[in-house]
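Working notes, structure below.
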Amino acid sequence: MEDILEEKEILIPDEVPVLPVKDLVVFPSMILPIFVGRSISLKAVEESLEGDKLVLLVAQRDPTTEEPTPEDLYPIGTICQIMRQLRLPDGRLKLLIQGLTKAKIKKYTQDSPFLKAKIEVLEDLAVSEVSVEIEALIRNVREQSEKILSLKGLDYDDIIAILTSIDDPGQLADIIASNLRFKVSEAQTILETLDPVARLRKVNDLLSKELQVSTVQAQIQSEAREEMDKVQREYFLREQLKAIKRELGEFDEFDEEIEEFREKIEKARMPKAVKEEALKQLERLEMMHPDSADANVIRTYLDWLVSLPWRKSTKDKMDIKTAKKILDEDHYDLEKVKERILEYLSVRKLNPKAKGPILCFVGPPGVGKTSLGKSIARALGRKFVRISLGGIRDEAEIRGHRRTYIGAMPGRIIQGLKQVGTNNPVFMLDEIDKIGADFRGDPAAALLEVLDPEQNTNFSDHYLNVPFDLSKVMFITTANVTDTIPSALKDRMEVIEIPGYTEEEKLQIALKYLLPRQIKEHGLKPEDIQIAPKTIARIISHYTREAGVRNLEREIGAICRKVARKIAEGEKGPFKITPQNLRRYLGLPKYRPEMEVEESEVGVATGLAWTPYGGEILRVEATVLKGKGNLMLTGQMGEVMQESAKAALSYVRSRAKLFGLPENFYEGIDVHIHVPEGAVPKDGPSAGITMATALISTLINKPVDKEIAMTGEITLRGRVLPVGGVKEKILAAARAKVKCVILPVQNKEDLAEVPPSAKRKLKFIFVKNMDEVLEPALKIKLKK
Ligand code: ADP
């Protein structure tokens with residue numbers, strides 16, 4: 001203290017060099033080291049050392065300013081004396097300085113090569129007697145400082161000792177302000193406050209704020225430390241436990257499990273990145289309590305990682321001749337389809353790296369799409385896996401849920417691969433036409449990534465969170481229709497259409513494939529069952545109505561089951577199944593082939609409808625009742641079909657004379673058109689000519705030829721327009737034993753796609769207008 005008083009007697013000149021400091025406010029009576037490196041500062045120091053060793057230290061407003069000008073500096077600073085200097089190897093100077101007194105800059109007299117200014121020394125205001133209030137303030141400040149220092153964990157004994165020894169409020173404020181590292185702007189306001197009590201109050205306020213922040217900070221730190229400590233403590237305890245058990249010759253189950261996982265990870269031949277992830281997770285598992293929920297999540301995850309076929313593949317057999325043999329062995333006919341499959345395989349054989357399109361089999365259920373896929377797999381010596389995409393709306397079904405979800409699982413692609421256990425199976429994606437999209441993301445987009453050879457080398461499943469290479473997988477898709485396949489997907493696929501079968505074809509398939517297979521599957525011997533082709537034909541016509549052969553196979557299976565039971569019960573075969581005793585095996589016929597029983601009728605015309613499950617026969621009935629010229633439509637027709645019925649009626653009205661009807665014939669009647677059979681979805685314009693025919697038949701009281709079926713859209717003027725689904729419709733007509741089909745002339749080309757066996761059974765009449773329909777259908781001659 002005395003020292004400082006002595007220093008005060010130093011004569012302060014009214015012009016001194018100015019030394020800007022970056023992030024520090026120096027208070028009078030402080031002794032502290034500072035480092036000087038900037039040229040502007042070094043020059044100022046040199047000047048001062050040459051003279052009375054005095055220099056004015058002022059703080060910068062912004063610590064990042066490298067070359068401060070007068071505006072960048074606060075106007076009040078502290079005159080300091082340089083007590084010692086040391087040149088550092090890097091050119092900087094280390095100074096020990098002592099603050100003497102505050103001073104205000106009156107005017108800068110020089111700004112280069114260093115700053116120099118005229119100054120005015122500032123004195124603290126006098127403190128009136130130490131009042132009780134000041135005493136309280138001093139104590140409070142001391143206490144708060146102690147708390148802060150202890151919260152910060154600093155070694156504070158020396159400082160506390162100094163704090164308790166000082167009773168002067170101004171000095172106390174200065175010491176605290178320079179030791180507690182307030183912000184520069186805050187420290188500067190304290191420096192500038194010349195009233196010692198006011199200054200101490202400000203310090204007190206800052207301390208309260210600082211104390212709050214420090215408390216919260218300390219709390220956060222201690223919580224984090226506690227958490228860490230807990231995990232670590234458990235880990236160490238477990239390690240100790242393990243050591244003890246080892247000592248005792250006991251082996252921990254958990255330990256064993258971890259070791260097992262480690263071995264499995266080594267054996268799984270994972271890519272490097274995956275292995276690293278697996279080991280990382282294993283390490284995490286090791287740290288956990290074996291029974292915790294988190295440990296279970298990691299276990300399941302590791303199970304998935306170690307059981308996926310990262311590098312496991314089957315070797316391809318690429319012999320096209322054997323492939324053909326296998327396809328023929330498993331499938332009747334389907335020549336065109338087999339040809340295209342063999343071509344596709346040949347291309348893959350010649351250029352295995354080619355990223356060819358994905359095959360897509362399109363056709364009604366039960367036509368052999370899945371079994372073709374299986375045959376391809378068999379021909380290539382690959383494994384086969386199939387998943388259904390029908391009704392999928394959630395992207396996560398394809399790509400999995402993130403592990404953070406409870407019960408998360410990988411998507412179906414990864415599930416499928418785990419199931420087959422090789423990374424190059426034939427992977428069939430069924431019902432690709434039936435995926436949807438909603439707020440849970442677009443599964444089609446995820447599928448695109450699966451099927452795209454550019455992207456699928458790094459397929460990322462959300463659950464796995466590590467990439468899986470799908471490029472070796474041979475994807476095949478199936479669909480009932482092509483229209484609803486998202487177009488981006490359709491672009492990547494080579495569509496191969498498989499139409500339905502005719503009755504003859506079904507009979508051949510049943511005799512050559514389905515029956516022998518079912519007999520074998522039921523553990524029977526071929527001689528146990530005697531079933532004549534005509535019995536099978538009856539099953540086809542009376543027990544199934546389908547484009548494929550799925551139900552047929554099921555019915556044959558049912559017969560085999562019954563026979564197997566009889567044999568098991570001790571009855572002796574062979575069992576002969578005939579059309580007469582079929583009922584005993586299969587119950588009452590499920591369908592009645594309409595065309596066989598019905599006569600040609602007035603007001604009933606046969607139409608042909610298309611459904612995703614193949615073609616269908618559609619009976620259209622029309623009748624007239626007494627009334628007021630209304631049109632009634634029943635049978636749950638769709639809107640387009642209703643409009644088409646109205647068009648048919650308008651056509652009849654406009655041509656009344658041609659049919660020998662009075663011009664106002666409709667005034668006293670209501671017309672009722674009905675399409676029975678609930679199972680067939682009824683919409684579209686293609687029943688137009690059928691409805692018109694039924695209507696005219698009933699109006700002129702002439703029956704419609706029962707052997708004729710027809711399809712075509714009608715215009716108001718009686719023109720007949722082309723329709724879709726001709727191939728399936730013709731197959732349906734052939735199945736229903738129709739003899740003749742009336743088609744719009746523009747559909748003639750579609751006949752090329754129809755199997756010859758179906759074409760052979762039918763006569764075709766191609767028409768441009770309604771007259772050409774009515775003449776054969778109603779067996780009338782119309783005056784032109
Ligand atoms: P999809 O996948 O098209 O619905 P499936 O492949 O499941 O049809 O076929 C149903 C059953 O019919 C299978 O047992 C299949 O072997 C058999 N099948 C279908 N078409 C033929 C065919 N042309 N030759 C032999 N069997 C066939």
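All residue names refer to the structure tokens as shown: chains lettered A, B, ... in order, residues numbered from 1 in each chain, ligands numbered from 1 in order.
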
So which residues are near ligand 1, meaning at most 6 Å away with only C-alpha atoms and all ligand atoms counted, given back as a ChimeraX atom specification? /A:330-334,365-371,509,513,549-550

If you run DSSP over the backbone, which residues in region 12-238 of chain A end up helix (DSSP H, G or I)? Put them as a PDB file with C-alpha atoms, in the first residue's frame.
```pdb
ATOM      1  CA  SER A  39       4.243  -2.570 -34.020  1.00  0.00           C
ATOM      2  CA  ILE A  40       2.049   0.340 -32.923  1.00  0.00           C
ATOM      3  CA  SER A  41       2.389  -0.925 -29.351  1.00  0.00           C
ATOM      4  CA  LEU A  42       6.073  -1.810 -29.500  1.00  0.00           C
ATOM      5  CA  LYS A  43       6.876   1.707 -30.716  1.00  0.00           C
ATOM      6  CA  ALA A  44       4.865   3.274 -27.889  1.00  0.00           C
ATOM      7  CA  VAL A  45       6.700   1.097 -25.366  1.00  0.00           C
ATOM      8  CA  GLU A  46      10.094   2.052 -26.849  1.00  0.00           C
ATOM      9  CA  GLU A  47       9.254   5.739 -26.572  1.00  0.00           C
ATOM     10  CA  SER A  48       8.129   5.324 -22.989  1.00  0.00           C
ATOM     11  CA  LEU A  49      11.187   3.311 -21.986  1.00  0.00           C
ATOM     12  CA  GLU A  50      13.418   6.033 -23.349  1.00  0.00           C
ATOM     13  CA  PRO A  70      -8.321   6.712 -31.763  1.00  0.00           C
ATOM     14  CA  GLU A  71     -12.010   5.979 -32.493  1.00  0.00           C
ATOM     15  CA  ASP A  72     -11.508   2.297 -31.705  1.00  0.00           C
ATOM     16  CA  VAL A 132     -23.555   0.908   7.735  1.00  0.00           C
ATOM     17  CA  GLU A 133     -24.809   0.625   4.206  1.00  0.00           C
ATOM     18  CA  ILE A 134     -21.320   0.669   2.753  1.00  0.00           C
ATOM     19  CA  GLU A 135     -20.225  -1.880   5.317  1.00  0.00           C
ATOM     20  CA  ALA A 136     -23.054  -4.192   4.245  1.00  0.00           C
ATOM     21  CA  LEU A 137     -22.231  -3.693   0.610  1.00  0.00           C
ATOM     22  CA  ILE A 138     -18.596  -4.561   1.215  1.00  0.00           C
ATOM     23  CA  ARG A 139     -19.520  -7.765   3.020  1.00  0.00           C
ATOM     24  CA  ASN A 140     -21.957  -8.755   0.376  1.00  0.00           C
ATOM     25  CA  VAL A 141     -19.402  -8.241  -2.367  1.00  0.00           C
ATOM     26  CA  ARG A 142     -16.845 -10.295  -0.494  1.00  0.00           C
ATOM     27  CA  GLU A 143     -19.272 -13.169   0.035  1.00  0.00           C
ATOM     28  CA  GLN A 144     -20.438 -13.244  -3.539  1.00  0.00           C
ATOM     29  CA  SER A 145     -16.871 -13.199  -4.827  1.00  0.00           C
ATOM     30  CA  GLU A 146     -15.953 -16.120  -2.606  1.00  0.00           C
ATOM     31  CA  LYS A 147     -18.913 -18.121  -3.836  1.00  0.00           C
ATOM     32  CA  ILE A 148     -18.154 -17.459  -7.463  1.00  0.00           C
ATOM     33  CA  LEU A 149     -14.524 -18.356  -7.035  1.00  0.00           C
ATOM     34  CA  SER A 150     -15.387 -21.578  -5.295  1.00  0.00           C
ATOM     35  CA  LEU A 151     -18.012 -22.516  -7.914  1.00  0.00           C
ATOM     36  CA  ASP A 157      -7.231 -18.507  -0.878  1.00  0.00           C
ATOM     37  CA  ASP A 158      -4.843 -15.673  -1.797  1.00  0.00           C
ATOM     38  CA  ILE A 159      -7.494 -13.556  -3.349  1.00  0.00           C
ATOM     39  CA  ILE A 160      -9.840 -14.041  -0.384  1.00  0.00           C
ATOM     40  CA  ALA A 161      -7.051 -12.965   1.912  1.00  0.00           C
ATOM     41  CA  ILE A 162      -6.564  -9.796  -0.088  1.00  0.00           C
ATOM     42  CA  LEU A 163     -10.311  -9.142  -0.302  1.00  0.00           C
ATOM     43  CA  THR A 164     -10.744  -9.358   3.437  1.00  0.00           C
ATOM     44  CA  SER A 165      -7.826  -7.020   4.008  1.00  0.00           C
ATOM     45  CA  PRO A 169     -14.776   0.467  -1.348  1.00  0.00           C
ATOM     46  CA  GLY A 170     -13.077   1.873  -4.478  1.00  0.00           C
ATOM     47  CA  GLN A 171     -10.046  -0.374  -4.193  1.00  0.00           C
ATOM     48  CA  LEU A 172     -12.176  -3.396  -3.425  1.00  0.00           C
ATOM     49  CA  ALA A 173     -14.211  -2.733  -6.542  1.00  0.00           C
ATOM     50  CA  ASP A 174     -11.048  -2.425  -8.651  1.00  0.00           C
ATOM     51  CA  ILE A 175      -9.464  -5.608  -7.306  1.00  0.00           C
ATOM     52  CA  ILE A 176     -12.572  -7.654  -7.884  1.00  0.00           C
ATOM     53  CA  ALA A 177     -13.140  -6.165 -11.325  1.00  0.00           C
ATOM     54  CA  SER A 178      -9.623  -7.038 -12.411  1.00  0.00           C
ATOM     55  CA  ASN A 179      -9.572 -10.516 -10.880  1.00  0.00           C
ATOM     56  CA  VAL A 184     -14.340  -5.574 -21.249  1.00  0.00           C
ATOM     57  CA  SER A 185     -17.328  -3.269 -21.676  1.00  0.00           C
ATOM     58  CA  GLU A 186     -18.489  -3.988 -18.119  1.00  0.00           C
ATOM     59  CA  ALA A 187     -15.012  -3.543 -16.653  1.00  0.00           C
ATOM     60  CA  GLN A 188     -14.669  -0.297 -18.557  1.00  0.00           C
ATOM     61  CA  THR A 189     -17.827   1.194 -16.991  1.00  0.00           C
ATOM     62  CA  ILE A 190     -16.443   0.291 -13.610  1.00  0.00           C
ATOM     63  CA  LEU A 191     -13.173   1.984 -14.451  1.00  0.00           C
ATOM     64  CA  GLU A 192     -15.021   5.091 -15.588  1.00  0.00           C
ATOM     65  CA  PRO A 196     -16.043   4.612  -5.176  1.00  0.00           C
ATOM     66  CA  VAL A 197     -19.354   3.590  -3.590  1.00  0.00           C
ATOM     67  CA  ALA A 198     -21.247   3.730  -6.868  1.00  0.00           C
ATOM     68  CA  ARG A 199     -18.430   1.692  -8.338  1.00  0.00           C
ATOM     69  CA  LEU A 200     -18.732  -0.977  -5.692  1.00  0.00           C
ATOM     70  CA  ARG A 201     -22.473  -1.140  -6.250  1.00  0.00           C
ATOM     71  CA  LYS A 202     -21.970  -1.798  -9.919  1.00  0.00           C
ATOM     72  CA  VAL A 203     -19.500  -4.520  -9.070  1.00  0.00           C
ATOM     73  CA  ASN A 204     -22.049  -5.961  -6.683  1.00  0.00           C
ATOM     74  CA  ASP A 205     -24.687  -6.095  -9.435  1.00  0.00           C
ATOM     75  CA  LEU A 206     -22.316  -7.783 -11.826  1.00  0.00           C
ATOM     76  CA  LEU A 207     -21.384 -10.299  -9.164  1.00  0.00           C
ATOM     77  CA  SER A 208     -25.020 -11.230  -8.554  1.00  0.00           C
ATOM     78  CA  LYS A 209     -25.477 -11.899 -12.257  1.00  0.00           C
ATOM     79  CA  GLU A 210     -22.241 -13.825 -12.487  1.00  0.00           C
ATOM     80  CA  LEU A 211     -23.186 -15.875  -9.441  1.00  0.00           C
ATOM     81  CA  GLN A 212     -26.429 -16.992 -11.074  1.00  0.00           C
ATOM     82  CA  VAL A 213     -24.709 -17.994 -14.294  1.00  0.00           C
ATOM     83  CA  SER A 214     -21.940 -19.802 -12.437  1.00  0.00           C
ATOM     84  CA  THR A 215     -24.449 -21.707 -10.310  1.00  0.00           C
ATOM     85  CA  VAL A 216     -26.361 -22.970 -13.316  1.00  0.00           C
ATOM     86  CA  GLN A 217     -23.159 -23.803 -15.132  1.00  0.00           C
ATOM     87  CA  ALA A 218     -21.823 -25.742 -12.181  1.00  0.00           C
ATOM     88  CA  GLN A 219     -25.107 -27.620 -11.926  1.00  0.00           C
ATOM     89  CA  ILE A 220     -24.998 -28.674 -15.561  1.00  0.00           C
ATOM     90  CA  GLN A 221     -21.436 -29.816 -15.242  1.00  0.00           C
ATOM     91  CA  SER A 222     -22.064 -31.839 -12.166  1.00  0.00           C
ATOM     92  CA  GLU A 223     -25.096 -33.543 -13.727  1.00  0.00           C
ATOM     93  CA  ALA A 224     -23.070 -34.531 -16.762  1.00  0.00           C
ATOM     94  CA  ARG A 225     -20.305 -35.779 -14.524  1.00  0.00           C
ATOM     95  CA  GLU A 226     -22.724 -37.808 -12.447  1.00  0.00           C
ATOM     96  CA  GLU A 227     -24.132 -39.513 -15.529  1.00  0.00           C
ATOM     97  CA  MET A 228     -20.654 -40.341 -16.766  1.00  0.00           C
ATOM     98  CA  ASP A 229     -19.600 -41.519 -13.357  1.00  0.00           C
ATOM     99  CA  LYS A 230     -22.557 -43.847 -13.114  1.00  0.00           C
ATOM    100  CA  VAL A 231     -21.929 -45.529 -16.474  1.00  0.00           C
ATOM    101  CA  GLN A 232     -18.248 -45.773 -15.768  1.00  0.00           C
ATOM    102  CA  ARG A 233     -18.743 -47.103 -12.289  1.00  0.00           C
ATOM    103  CA  GLU A 234     -21.042 -49.818 -13.553  1.00  0.00           C
ATOM    104  CA  TYR A 235     -18.582 -50.697 -16.231  1.00  0.00           C
ATOM    105  CA  PHE A 236     -15.735 -50.994 -13.754  1.00  0.00           C
ATOM    106  CA  LEU A 237     -17.854 -53.012 -11.380  1.00  0.00           C
ATOM    107  CA  ARG A 238     -18.754 -55.389 -14.154  1.00  0.00           C
TER     108      ARG A 238
END
```

Which residues, written as a PyMOL selection string, have at least one atom at most 9 Å from Lys374 (chain A), with only C-alpha atoms counted and residues fewer than 5 positions away on the same chain left out? chain A and resi 369+379+383-385+426+428

Which residues come within 9 Å of region 698-707 of chain A, counting only C-alpha atoms, excluding same-chain residues fewer than 6 positions away, as an mmCIF file with C-alpha atoms, in the first residue's frame?
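The file below, selection.cif, is the result:
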```
data_model
loop_
_atom_site.group_PDB
_atom_site.id
_atom_site.type_symbol
_atom_site.label_atom_id
_atom_site.label_comp_id
_atom_site.auth_asym_id
_atom_site.auth_seq_id
_atom_site.Cartn_x
_atom_site.Cartn_y
_atom_site.Cartn_z
ATOM 1 C CA MET A 595 -74.329 -70.671 -72.130
ATOM 2 C CA GLU A 598 -79.870 -70.990 -71.602
ATOM 3 C CA GLU A 599 -81.976 -70.594 -74.667
ATOM 4 C CA SER A 600 -81.849 -67.623 -76.914
ATOM 5 C CA GLU A 601 -83.956 -65.048 -75.132
ATOM 6 C CA VAL A 602 -85.700 -61.827 -75.948
ATOM 7 C CA GLY A 603 -84.021 -58.855 -74.273
ATOM 8 C CA VAL A 604 -80.906 -60.679 -73.070
ATOM 9 C CA ALA A 605 -77.591 -60.033 -74.836
ATOM 10 C CA THR A 606 -74.153 -61.412 -74.004
ATOM 11 C CA ALA A 622 -83.455 -55.095 -71.034
ATOM 12 C CA THR A 623 -87.196 -54.927 -70.546
ATOM 13 C CA VAL A 624 -89.951 -52.415 -71.175
ATOM 14 C CA PHE A 659 -86.811 -50.981 -86.481
ATOM 15 C CA GLY A 660 -90.443 -50.495 -87.443
ATOM 16 C CA LEU A 661 -91.318 -48.689 -84.202
ATOM 17 C CA LYS A 737 -68.419 -71.828 -75.215
ATOM 18 C CA VAL A 738 -69.672 -68.906 -77.248
ATOM 19 C CA LYS A 739 -69.433 -69.604 -80.951
ATOM 20 C CA CYS A 740 -69.122 -66.158 -82.382
ATOM 21 C CA VAL A 741 -67.743 -62.814 -81.177
ATOM 22 C CA LEU A 774 -78.068 -56.333 -85.049
ATOM 23 C CA PRO A 776 -76.439 -61.380 -87.026
ATOM 24 C CA ALA A 777 -77.415 -60.987 -83.365
ATOM 25 C CA LEU A 778 -81.151 -60.684 -83.907
ATOM 26 C CA LYS A 779 -81.144 -62.523 -87.218
ATOM 27 C CA ILE A 780 -82.932 -59.702 -88.995
#
```

Compile the contact shell of His672 (chain A) as number ranges by chain: residues with an atom at most 10 Å away, counting only C-alpha atoms, same-chain residues fewer than 3 positions apart removed. A: 621-625, 630-634, 669, 695

Restrict the selected residues to N, CA and C atoms and save them as an mmCIF file, in the first residue's frame.
```
data_model
loop_
_atom_site.group_PDB
_atom_site.id
_atom_site.type_symbol
_atom_site.label_atom_id
_atom_site.label_comp_id
_atom_site.auth_asym_id
_atom_site.auth_seq_id
_atom_site.Cartn_x
_atom_site.Cartn_y
_atom_site.Cartn_z
ATOM 1 N N GLU A 621 -79.581 -57.464 -69.542
ATOM 2 C CA GLU A 621 -81.017 -57.667 -69.739
ATOM 3 C C GLU A 621 -81.699 -56.323 -69.940
ATOM 4 N N ALA A 622 -82.667 -56.317 -70.854
ATOM 5 C CA ALA A 622 -83.455 -55.095 -71.034
ATOM 6 C C ALA A 622 -84.917 -55.489 -71.061
ATOM 7 N N THR A 623 -85.762 -54.623 -70.507
ATOM 8 C CA THR A 623 -87.196 -54.927 -70.546
ATOM 9 C C THR A 623 -87.954 -53.610 -70.602
ATOM 10 N N VAL A 624 -89.160 -53.648 -71.154
ATOM 11 C CA VAL A 624 -89.951 -52.415 -71.175
ATOM 12 C C VAL A 624 -91.202 -52.597 -70.340
ATOM 13 N N LEU A 625 -91.603 -51.554 -69.659
ATOM 14 C CA LEU A 625 -92.771 -51.585 -68.784
ATOM 15 C C LEU A 625 -93.633 -50.385 -69.147
ATOM 16 N N ASN A 630 -89.190 -43.117 -68.963
ATOM 17 C CA ASN A 630 -87.981 -43.076 -68.129
ATOM 18 C C ASN A 630 -87.021 -44.210 -68.475
ATOM 19 N N LEU A 631 -85.746 -43.973 -68.119
ATOM 20 C CA LEU A 631 -84.738 -45.028 -68.277
ATOM 21 C C LEU A 631 -84.284 -45.445 -66.884
ATOM 22 N N MET A 632 -84.397 -46.735 -66.600
ATOM 23 C CA MET A 632 -83.950 -47.242 -65.290
ATOM 24 C C MET A 632 -82.704 -48.100 -65.518
ATOM 25 N N LEU A 633 -81.695 -47.874 -64.688
ATOM 26 C CA LEU A 633 -80.465 -48.668 -64.834
ATOM 27 C C LEU A 633 -80.156 -49.314 -63.498
ATOM 28 N N THR A 634 -80.002 -50.624 -63.479
ATOM 29 C CA THR A 634 -79.689 -51.291 -62.213
ATOM 30 C C THR A 634 -78.546 -52.275 -62.419
ATOM 31 N N ILE A 669 -93.825 -45.828 -72.255
ATOM 32 C CA ILE A 669 -93.129 -46.932 -71.572
ATOM 33 C C ILE A 669 -91.935 -46.426 -70.750
ATOM 34 N N LEU A 695 -81.819 -53.997 -75.794
ATOM 35 C CA LEU A 695 -82.940 -53.078 -75.815
ATOM 36 C C LEU A 695 -83.781 -53.255 -77.075
#
```

May I have the residues within 10 Å of region 643-649 of chain A as a PyMOL selection string, using only C-alpha atoms and disregarding those fewer than 5 positions away in the same chain? chain A and resi 631-633+637-638+654-655+666+671+673+683-693+695-696+713-718+770

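For Ile498 (chain A), the residues within 8 Å (counting only C-alpha atoms, excluding itself and residues fewer than 2 positions away along the chain) are A:Leu334, A:Val337, A:Phe361, A:Val362, A:Gly363, A:Pro364, A:Val367, A:Lys369, A:Ile496, A:Gly500.
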
Just the selected residues (N, CA, C and O atoms), exported as a short mmCIF file (atom, residue, chain, number, x, y, z; two decimals), in the first residue's frame, please.
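Written file, again20.cif:
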```cif
data_model
loop_
_atom_site.label_atom_id
_atom_site.label_comp_id
_atom_site.auth_asym_id
_atom_site.auth_seq_id
_atom_site.Cartn_x
_atom_site.Cartn_y
_atom_site.Cartn_z
N LEU A 334 -46.97 -71.60 -73.01
CA LEU A 334 -46.33 -70.30 -72.70
C LEU A 334 -45.08 -70.10 -73.55
O LEU A 334 -44.09 -69.54 -73.08
N VAL A 337 -43.54 -66.59 -73.86
CA VAL A 337 -42.98 -66.11 -72.60
C VAL A 337 -41.65 -66.79 -72.33
O VAL A 337 -40.66 -66.14 -71.98
N PHE A 361 -43.67 -59.74 -65.03
CA PHE A 361 -44.71 -60.62 -65.57
C PHE A 361 -46.07 -60.03 -65.26
O PHE A 361 -46.40 -59.78 -64.10
N VAL A 362 -46.85 -59.81 -66.32
CA VAL A 362 -48.17 -59.21 -66.11
C VAL A 362 -49.25 -60.20 -66.55
O VAL A 362 -49.18 -60.73 -67.66
N GLY A 363 -50.20 -60.42 -65.69
CA GLY A 363 -51.30 -61.31 -66.06
C GLY A 363 -52.19 -61.60 -64.87
O GLY A 363 -51.83 -61.27 -63.74
N PRO A 364 -53.34 -62.22 -65.11
CA PRO A 364 -54.28 -62.52 -64.02
C PRO A 364 -53.67 -63.51 -63.03
O PRO A 364 -52.66 -64.13 -63.34
N VAL A 367 -51.76 -67.70 -63.41
CA VAL A 367 -51.31 -68.07 -64.76
C VAL A 367 -49.86 -68.53 -64.76
O VAL A 367 -49.28 -68.81 -65.80
N LYS A 369 -47.08 -66.90 -62.99
CA LYS A 369 -46.03 -65.89 -62.87
C LYS A 369 -45.00 -66.30 -61.80
O LYS A 369 -43.81 -66.31 -62.05
N ILE A 496 -43.64 -58.57 -69.65
CA ILE A 496 -43.97 -59.80 -70.39
C ILE A 496 -45.38 -60.19 -70.00
O ILE A 496 -45.65 -60.48 -68.83
N GLY A 500 -54.61 -65.23 -69.93
CA GLY A 500 -55.21 -66.40 -69.28
C GLY A 500 -55.19 -67.61 -70.21
O GLY A 500 -54.70 -67.54 -71.33
#
```

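Residue nearest Gly407 (chain A), chosen from A:Asn296, A:Ser487, A:Gln642, A:Gln110 and counting only C-alpha atoms: A:Asn296.
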
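In this model, the gap between CA of Glu775 (chain A) and CA of Pro756 (chain A) comes to 27.2 Å.
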
Compare A:Met288, A:Ala396, A:Met83, A:Leu56 by their minimum atom-to-atom distance to Pro33 (chain A), counting only C-alpha atoms, and give me the closest one. A:Met83

List every residue of region 515-763 of chain A that DSSP, applied to the backbone, labels as strand (DSSP E or B), and write the result as a ChimeraX atom specification. /A:529-531,575-577,601-602,604-611,614-626,631-634,669-674,703-704,708-710,713-714,719-721,740-744,763

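Taking CA of Leu515 (chain A) as the reference point, CA of Ala537 (chain A) is found at 12.9 Å.
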
Any idea what the distance is between CA of Glu120 (chain A) and CA of Leu93 (chain A)? 27.7 Å

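For the residues A:Lys312, A:Arg492, A:Lys534, A:Arg284, ranking by smallest atom-to-atom distance to Leu511 (chain A) using only C-alpha atoms places A:Lys534 first.
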
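Of the residues under consideration (A:Trp610, A:Phe766, A:Tyr651, A:Tyr405), A:Trp610 shows the shortest atom-to-atom contact distance to Lys682 (chain A) when counting only C-alpha atoms.
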
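Among the candidate residues A:Leu305, A:Ile376, A:Val652, A:Ala488, the one lying nearest to Gln415 (chain A) is A:Leu305, with distances computed using only C-alpha atoms.
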
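Nearest residue to Val297 (chain A), choosing from A:Met409, A:Ala532, A:Val620, A:Leu514 and counting only C-alpha atoms: A:Met409.
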